[in-house]
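Student: Here's a structure for you.
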Amino acid sequence: MSSLRIAGTIGESIVDGPGIRFVIFTQGCPHHCEGCHNPQTHDFAGGTETQTEVLLEQMEGNPLLSGVTLSGGEPFCQPKPLLEIAKAAHAAGKNVMAYSGYTFEQLKDSEDDDVRALLEQCDILVDGPFVLALRDLTLRFRGSSNQRLIDVPKSLEQGEVVLKE
């Protein structure tokens with residue numbers, strides 16, 4: 001098991017993806033989006049260090065969970081430990097959702113094998129930076145209209161972005 005730096009977790013959330021979610025807020029973000037609702041997660045030296053096995057025990061201890069949501073901070077800055085969590089979530093029959101300030105295309109074309117592997121483990125991705133001028137509170141699971149709710153497996157299979165309904 002690996003260690004990762006997190007800002008915190010939510011044991012049961014209904015606003016961070018479909019169904020009841022276990023949410024991991026990673027620590028560290030290079031994007032610094034104006035109006036970010038988690039600015040305390042930007043500092044890469046902040047938060048606390050934890051082990052993936054601790055998070056997995058918390059997640060696996062709740063049979064009501066539909067899946068895990070990787071938020072931030074920027075999850076793709078810590079792809080290796082989150083890949084362990086995503087694989088374990090799938091093995092437990094749960095789905096994986098991630099939020100990223102990077103676009104799907106940037107993640108898919110990354111030279112970092114772990115970034116691409118983590119993307120491949122995601123069922124749903126909300127991509128792109130939060131843009132305060134495009135803020136829209138009516139959007140499902142997104143904060144601004146430039147962000148996309150992406151069906152990752154279909155997008156990888158078809159070679160183009162396929163949006164979730």
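Labels used: A, B, ... for chains in the order of the structure tokens, numbers from 1 for residues in each chain, and numbers from 1 for ligands as shown.
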For Ile124 in chain A, list every protein, DNA or RNA residue within 6 Å, evaluated using only C-alpha atoms, and leave out those in the same chain fewer than 4 positions away; present the list as a PyMOL selection string.

Tutor: chain A and resi 97+150-152

Student: Which residues, written as a list of chain:residue names, have at least one atom at most 12 Å from Asn62 in chain A, with only C-alpha atoms counted and residues fewer than 5 positions away on the same chain left out?

Tutor: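 What passes the distance filter is A:Gly11, A:Glu12, A:Ile20, A:Arg21, A:Phe22, A:Leu55, A:Leu56, A:Glu57, A:Gly67, A:Val68, A:Ala89, A:Ala92, A:Lys94.
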
Student: Please, could you write that set of residues out with N, CA, C and O atoms as a short mmCIF file (atom, residue, chain, number, x, y, z; two decimals), in the first residue's frame?

Tutor:
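Written output follows (again15.cif):
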```cif
data_model
loop_
_atom_site.label_atom_id
_atom_site.label_comp_id
_atom_site.auth_asym_id
_atom_site.auth_seq_id
_atom_site.Cartn_x
_atom_site.Cartn_y
_atom_site.Cartn_z
N GLY A 11 -17.41 10.54 4.31
CA GLY A 11 -17.83 9.14 4.34
C GLY A 11 -19.02 8.84 3.47
O GLY A 11 -19.12 7.76 2.89
N GLU A 12 -19.96 9.79 3.39
CA GLU A 12 -21.16 9.61 2.57
C GLU A 12 -21.57 10.96 1.98
O GLU A 12 -21.96 11.86 2.71
N ILE A 20 -24.48 7.25 -3.43
CA ILE A 20 -23.79 7.62 -2.19
C ILE A 20 -22.30 7.37 -2.41
O ILE A 20 -21.89 6.27 -2.80
N ARG A 21 -21.48 8.40 -2.18
CA ARG A 21 -20.06 8.36 -2.53
C ARG A 21 -19.17 8.48 -1.30
O ARG A 21 -19.47 9.21 -0.37
N PHE A 22 -18.04 7.78 -1.34
CA PHE A 22 -16.93 8.03 -0.44
C PHE A 22 -16.02 9.00 -1.19
O PHE A 22 -15.58 8.71 -2.30
N LEU A 55 -7.79 4.42 3.92
CA LEU A 55 -8.92 4.92 3.13
C LEU A 55 -9.77 3.77 2.60
O LEU A 55 -11.00 3.84 2.60
N LEU A 56 -9.11 2.70 2.17
CA LEU A 56 -9.85 1.54 1.66
C LEU A 56 -10.68 0.89 2.76
O LEU A 56 -11.82 0.46 2.50
N GLU A 57 -10.16 0.82 3.96
CA GLU A 57 -10.93 0.26 5.09
C GLU A 57 -12.17 1.10 5.35
O GLU A 57 -13.26 0.56 5.60
N GLY A 67 -19.86 4.26 -4.89
CA GLY A 67 -18.52 4.40 -5.44
C GLY A 67 -17.68 5.38 -4.66
O GLY A 67 -18.07 5.88 -3.61
N VAL A 68 -16.53 5.66 -5.24
CA VAL A 68 -15.57 6.59 -4.66
C VAL A 68 -15.38 7.75 -5.62
O VAL A 68 -15.38 7.57 -6.85
N ALA A 89 -11.66 -0.21 -5.51
CA ALA A 89 -13.08 0.16 -5.59
C ALA A 89 -13.78 -0.70 -6.65
O ALA A 89 -14.86 -1.24 -6.40
N ALA A 92 -14.36 -4.17 -5.55
CA ALA A 92 -15.45 -4.23 -4.58
C ALA A 92 -16.81 -3.93 -5.22
O ALA A 92 -17.82 -3.80 -4.52
N LYS A 94 -17.65 -1.18 -6.90
CA LYS A 94 -17.98 0.25 -6.83
C LYS A 94 -17.46 0.96 -8.08
O LYS A 94 -16.54 0.50 -8.73
#
```

Student: What is the CA of Gly8 in chain A to CA of Val126 in chain A distance in Å?

Tutor: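 Between CA of Gly8 in chain A and CA of Val126 in chain A the gap is 19.5 Å.
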
Student: When you look at Pro153 in chain A with a cut-off of 10 Å (counting only C-alpha atoms), what residues show up, excluding the ones that are within fewer than 6 positions of it in the same chain? I need them as a list in words.

Tutor: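 Returned residues: Leu119, Glu120, Gln121, Cys122, Asp123, Ile124, Gly159, Val161 and Val162 of chain A.
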
Student: Using only C-alpha atoms, find the one residue out of A:Ile10, A:His42, A:Phe25, A:Met59 that sits nearest to Ala88 in chain A.

Tutor: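 Among A:Ile10, A:His42, A:Phe25, A:Met59, it is A:Met59 that comes nearest to Ala88 in chain A.
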
Student: Hey, which of A:Ala98, A:Ala7, A:Ile14, A:Leu64 ends up closest to Asp127 in chain A? Count only C-alpha atoms.

Tutor: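 Closest candidate: A:Ala98.
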
Student: Could you pull the residues within 7 Å of Gly101 in chain A, counting only C-alpha atoms, minus those fewer than 6 positions along the same chain, as a CSV table (one decimal) with N, CA, C and O atoms, in the first residue's frame?

Tutor:
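Final output, saved to selection01.csv:
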```csv
chain,number,residue,atom,x,y,z
A,31,HIS,N,-3.6,24.3,-10.3
A,31,HIS,CA,-4.5,25.1,-11.1
A,31,HIS,C,-4.8,26.5,-10.5
A,31,HIS,O,-5.0,27.5,-11.2
A,74,GLU,N,-5.9,18.4,-6.8
A,74,GLU,CA,-5.8,17.8,-8.2
A,74,GLU,C,-5.4,16.3,-8.0
A,74,GLU,O,-4.3,16.0,-7.7
A,127,ASP,N,-14.0,17.2,-16.1
A,127,ASP,CA,-12.7,17.8,-16.5
A,127,ASP,C,-12.7,19.3,-16.7
A,127,ASP,O,-13.8,19.8,-16.9
A,128,GLY,N,-11.5,19.8,-16.7
A,128,GLY,CA,-11.4,21.3,-17.0
A,128,GLY,C,-11.4,22.1,-15.7
A,128,GLY,O,-12.0,21.7,-14.7
A,129,PRO,N,-10.7,23.2,-15.8
A,129,PRO,CA,-10.7,24.1,-14.6
A,129,PRO,C,-12.0,24.7,-14.3
A,129,PRO,O,-12.8,24.9,-15.2
```

Student: Please report the interatomic distance between CA of Ile24 in chain A and CA of Leu70 in chain A in Å with one decimal.

Tutor: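 Interatomic distance, CA of Ile24 in chain A to CA of Leu70 in chain A: 5.2 Å.
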
Student: Might you pull out every residue within 7 Å of Phe44 in chain A, with only C-alpha atoms counted and same-chain residues fewer than 5 positions away left off, and present them as number ranges by chain?

Tutor: A: 27-29

Student: Selection from above, N, CA, C and O atoms, as a CSV table (one decimal), in the first residue's frame, can you write it?

Tutor:
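Final output, result39.csv:
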```
chain,number,residue,atom,x,y,z
A,27,GLN,N,-4.7,16.6,-1.5
A,27,GLN,CA,-4.0,17.8,-1.2
A,27,GLN,C,-3.0,18.2,-2.3
A,27,GLN,O,-2.2,17.3,-2.7
A,28,GLY,N,-3.0,19.4,-2.7
A,28,GLY,CA,-2.1,19.9,-3.7
A,28,GLY,C,-2.8,20.1,-5.1
A,28,GLY,O,-3.4,19.2,-5.6
A,29,CYS,N,-2.7,21.3,-5.6
A,29,CYS,CA,-3.3,21.6,-6.9
A,29,CYS,C,-2.5,22.7,-7.6
A,29,CYS,O,-2.3,23.8,-7.0
```

Student: Could you write out, as a list in words, all the residues of range 20-115 of chain A that DSSP marks as strand (DSSP E or B)?

Tutor: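 The strand (DSSP E or B) subset of range 20-115 of chain A is Arg21, Phe22, Val23, Ile24, Phe25, Thr26, Thr48, Glu49, Thr50, Gln51, Gly67, Val68, Thr69, Leu70, Ser71, Asn95, Val96, Met97, Ala98 and Tyr99 of chain A.
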